[in-house]
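Source file query-v2.txt; content: compact mmCIF, C-alpha atoms.
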```txt
# COMPACT_ATOMS: atom_id res chain seq x y z
CA MET A 1 1.99 15.74 3.93
CA VAL A 2 -1.37 16.63 2.42
CA GLU A 3 -2.86 20.10 2.51
CA ILE A 4 -6.65 20.00 2.68
CA ASP A 5 -9.25 22.41 4.01
CA GLY A 6 -6.57 24.76 5.29
CA MET A 7 -4.82 22.02 7.25
CA LYS A 8 -1.51 20.31 6.78
CA LEU A 9 -2.03 16.66 7.65
CA VAL A 10 0.52 13.90 8.04
CA GLN A 11 0.13 10.20 8.85
CA THR A 12 -1.63 7.96 6.39
CA ARG A 13 -4.50 6.86 8.58
CA ALA A 14 -5.27 10.37 9.86
CA ILE A 15 -5.44 11.67 6.29
CA ALA A 16 -7.53 8.75 5.07
CA ASN A 17 -9.92 9.02 8.03
CA TYR A 18 -10.38 12.75 7.48
CA ILE A 19 -11.04 12.37 3.76
CA SER A 20 -13.33 9.40 4.36
CA THR A 21 -15.36 11.24 6.96
CA LYS A 22 -15.54 14.40 4.86
CA HIS A 23 -16.90 12.47 1.87
CA ASN A 24 -19.21 10.15 3.83
CA LEU A 25 -17.06 7.08 3.13
CA TYR A 26 -16.58 6.04 6.74
CA GLY A 27 -19.80 4.21 7.55
CA LYS A 28 -23.03 5.28 9.18
CA ASP A 29 -22.18 4.13 12.71
CA MET A 30 -19.42 2.74 14.91
CA LYS A 31 -20.06 -0.85 13.82
CA GLU A 32 -19.60 0.02 10.15
CA ARG A 33 -16.49 2.09 10.97
CA ALA A 34 -15.00 -0.86 12.84
CA LEU A 35 -15.58 -3.15 9.84
CA ILE A 36 -14.16 -0.55 7.46
CA ASP A 37 -11.09 -0.15 9.67
CA MET A 38 -10.65 -3.92 9.92
CA TYR A 39 -10.79 -4.41 6.15
CA VAL A 40 -8.55 -1.43 5.42
CA GLU A 41 -5.93 -2.60 7.93
CA GLY A 42 -5.85 -5.98 6.20
CA MET A 43 -5.44 -4.23 2.86
CA PHE A 44 -2.56 -2.17 4.27
CA ASP A 45 -0.80 -5.45 5.05
CA LEU A 46 -1.07 -6.52 1.40
CA ASN A 47 -0.24 -3.00 0.25
CA GLU A 48 2.97 -3.15 2.30
CA LEU A 49 4.00 -6.35 0.53
CA LEU A 50 3.35 -4.74 -2.85
CA MET A 51 5.19 -1.54 -1.97
CA THR A 52 8.20 -3.30 -0.43
CA TYR A 53 8.88 -5.14 -3.67
CA GLY A 54 10.32 -2.05 -5.37
CA TYR A 55 12.92 -1.54 -2.67
CA LEU A 56 14.33 -5.04 -2.58
CA PRO A 57 17.69 -6.01 -4.03
CA ALA A 58 17.45 -7.91 -7.30
CA ASP A 59 18.37 -11.23 -5.69
CA LYS A 60 15.38 -11.03 -3.31
CA LYS A 61 12.70 -9.92 -5.80
CA GLN A 62 11.73 -13.28 -7.29
CA GLU A 63 11.09 -14.88 -3.90
CA HIS A 64 9.24 -11.80 -2.61
CA PHE A 65 7.10 -11.61 -5.77
CA ALA A 66 6.08 -15.26 -5.40
CA ASN A 67 5.28 -14.69 -1.71
CA MET A 68 3.18 -11.57 -2.28
CA MET A 69 1.23 -13.13 -5.16
CA ASP A 70 0.66 -16.26 -3.07
CA LYS A 71 -0.65 -14.19 -0.16
CA ALA A 72 -2.85 -12.09 -2.44
CA GLU A 73 -4.39 -15.16 -4.09
CA ASN A 74 -4.58 -17.50 -1.12
CA ARG A 75 -5.00 -15.23 1.89
CA TYR A 76 -6.30 -11.74 1.13
CA PHE A 77 -8.47 -12.02 -1.96
CA PRO A 78 -10.32 -15.13 -0.71
CA VAL A 79 -11.30 -13.19 2.41
CA PHE A 80 -12.76 -10.31 0.40
CA GLU A 81 -14.49 -12.73 -1.98
CA LYS A 82 -16.10 -14.36 1.08
CA VAL A 83 -17.09 -10.98 2.55
CA LEU A 84 -18.81 -9.96 -0.68
CA LYS A 85 -20.59 -13.32 -0.89
CA GLY A 86 -21.70 -13.25 2.74
CA HIS A 87 -22.74 -9.61 2.72
CA GLY A 88 -24.74 -9.96 -0.48
CA LYS A 89 -24.44 -6.26 -1.28
CA ASP A 90 -22.51 -4.26 -3.85
CA PHE A 91 -20.13 -2.92 -1.21
CA LEU A 92 -17.92 -4.41 1.51
CA VAL A 93 -19.77 -2.62 4.34
CA GLY A 94 -23.33 -1.36 4.43
CA ASN A 95 -25.26 -0.17 1.41
CA GLN A 96 -22.99 2.58 0.14
CA LEU A 97 -19.46 3.17 -1.08
CA SER A 98 -16.89 3.31 1.72
CA ARG A 99 -13.20 3.86 2.19
CA ALA A 100 -12.82 0.06 2.26
CA ASP A 101 -14.27 -0.25 -1.25
CA VAL A 102 -11.97 2.43 -2.65
CA GLN A 103 -8.96 0.87 -0.95
CA LEU A 104 -9.85 -2.61 -2.20
CA LEU A 105 -10.15 -1.32 -5.75
CA GLU A 106 -6.72 0.29 -5.45
CA ILE A 107 -5.19 -2.94 -4.10
CA ILE A 108 -6.80 -4.95 -6.91
CA LEU A 109 -5.43 -2.54 -9.53
CA MET A 110 -1.95 -2.67 -8.00
CA ALA A 111 -2.01 -6.48 -7.85
CA GLU A 112 -3.21 -6.70 -11.46
CA GLU A 113 -0.32 -4.52 -12.56
CA CYS A 114 1.94 -7.19 -11.07
CA LYS A 115 -0.10 -10.17 -12.30
CA PRO A 116 -2.90 -9.36 -14.77
CA ASP A 117 -4.89 -12.57 -14.18
CA ILE A 118 -4.76 -12.45 -10.38
CA LEU A 119 -8.58 -12.23 -10.09
CA ALA A 120 -9.17 -15.30 -12.28
CA LYS A 121 -10.45 -17.37 -9.31
CA PHE A 122 -12.51 -14.54 -7.81
CA PRO A 123 -15.70 -13.80 -9.77
CA LEU A 124 -17.19 -11.56 -7.08
CA LEU A 125 -14.01 -9.47 -6.92
CA GLN A 126 -14.08 -9.20 -10.71
CA SER A 127 -17.65 -7.90 -10.55
CA PHE A 128 -16.75 -5.62 -7.65
CA LYS A 129 -13.84 -4.15 -9.62
CA ALA A 130 -16.04 -3.52 -12.67
CA ARG A 131 -18.83 -1.99 -10.58
CA ILE A 132 -16.63 0.31 -8.47
CA SER A 133 -14.50 1.29 -11.48
CA ASN A 134 -17.64 2.49 -13.24
CA ILE A 135 -18.70 4.95 -10.56
CA PRO A 136 -18.42 8.18 -12.61
CA THR A 137 -15.84 9.99 -10.47
CA ILE A 138 -13.73 6.86 -10.09
CA LYS A 139 -14.03 6.05 -13.78
CA LYS A 140 -12.79 9.54 -14.62
CA PHE A 141 -9.88 9.17 -12.19
CA LEU A 142 -8.85 5.87 -13.75
CA GLN A 143 -8.76 7.23 -17.30
CA PRO A 144 -5.38 7.67 -19.01
CA GLY A 145 -4.11 11.20 -18.49
CA SER A 146 -5.69 11.56 -15.05
CA GLN A 147 -3.75 12.17 -11.85
CA ARG A 148 -3.60 8.43 -11.13
CA LYS A 149 -0.13 7.06 -11.55
CA PRO A 150 0.29 3.38 -12.37
CA PHE A 151 1.88 1.28 -9.67
CA VAL A 152 5.37 0.64 -10.95
CA PRO A 153 7.61 -0.81 -8.27
CA THR A 154 11.19 0.34 -8.80
CA ASN A 155 14.37 0.50 -6.80
CA LYS A 156 14.37 4.30 -7.05
CA GLY A 157 11.40 4.81 -4.80
CA ASN A 158 7.76 4.70 -5.65
CA SER A 159 5.54 7.62 -6.49
CA SER A 160 2.64 5.34 -5.61
CA LEU A 161 3.27 5.79 -1.89
CA ASN A 162 1.10 8.90 -1.79
CA ARG A 163 -1.72 7.08 -3.60
CA ARG A 164 -2.42 5.13 -0.44
CA TYR A 165 -4.23 8.09 1.08
CA ILE A 166 -4.92 10.61 -1.66
CA VAL A 167 -6.63 8.22 -4.04
CA GLN A 168 -9.95 8.52 -2.20
CA HIS A 169 -9.97 12.31 -2.30
CA ARG A 170 -9.07 12.51 -5.97
CA MET A 171 -11.70 9.94 -6.98
CA LEU A 172 -14.49 11.98 -5.42
```
Here is a file; write its structure as structure tokens.
Amino acid sequence: MVEIDGMKLVQTRAIANYISTKHNLYGKDMKERALIDMYVEGMFDLNELLMTYGYLPADKKQEHFANMMDKAENRYFPVFEKVLKGHGKDFLVGNQLSRADVQLLEIILMAEECKPDILAKFPLLQSFKARISNIPTIKKFLQPGSQRKPFVPTNKGNSSLNRRYIVQHRML
């Protein structure tokens, strides 16, 4: 549950949509919103793989790790590299920062915590990460000592679960 603007909100997508709309991160029209939703849903699929890792028994982790890194490098990140190349802009959708950009940065950071060189084959994603990470409010959020908690998959649960939807609000 997240308390914001006098409301108690539950459900990841409802919270993310509210925060995105409030901070003008949800596109300028229905077409942009549809693209943002499409990209974010794809990122949630990868996010689920990353988050599941911490809950697996030890004998399943090696196989799951290989699978999630394979999917990140050969399925998800190539798509976003292609989107950035085809769009020719600094952002995934339109000409301004959106929820999709913030979510992609978070996924990249989580994947890099698992495999630091995961973006080696993706120069546009490397540039994207550097560019989005240097937006002043995001840069401040990513500094050591901020409210951002590193993604550390464990068997005891994962404090990163809440990051999925509060990261946007805290970065702004």
Find the residues near stretch 15-32 of chain A: any atom within 7 Å, counting all atoms listed in the file, skip ones fewer than 4 places away on the same chain, and give them as a CSV table (one decimal) with C-alpha atoms, keeping the file's coordinate frame.
```csv
chain,number,residue,atom,x,y,z
A,9,LEU,CA,-2.0,16.7,7.6
A,10,VAL,CA,0.5,13.9,8.0
A,11,GLN,CA,0.1,10.2,8.8
A,36,ILE,CA,-14.2,-0.6,7.5
A,93,VAL,CA,-19.8,-2.6,4.3
A,94,GLY,CA,-23.3,-1.4,4.4
A,97,LEU,CA,-19.5,3.2,-1.1
A,98,SER,CA,-16.9,3.3,1.7
A,99,ARG,CA,-13.2,3.9,2.2
A,165,TYR,CA,-4.2,8.1,1.1
A,169,HIS,CA,-10.0,12.3,-2.3
```
Query - stretch 60-76 of chain A surroundings by all atoms listed in the file, 10 Å radius, close-in-sequence under 5 positions cut, as a ChimeraX atom specification - result: /A:39,42-43,45-50,52-55,81,107-108,111,114-115,118-122
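Reported to one decimal place, the separation of atom CA of A:Gln143 from atom CA of A:Lys85 is 28.8 Å.
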**Report entry** Protein/DNA/RNA residues near (-18.6, -5.4, -10.0), cut 12 Å, all atoms listed in the file, as a PyMOL selection string
**Finding:** chain A and resi 81+84+89-92+101+105+122-135
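A straight line drawn from atom CA of A:Met51 to atom CA of A:Glu113 is 12.3 Å long.
Relative to atom CA of A:Asp117, atom CA of A:Gln147 is found at 24.9 Å.
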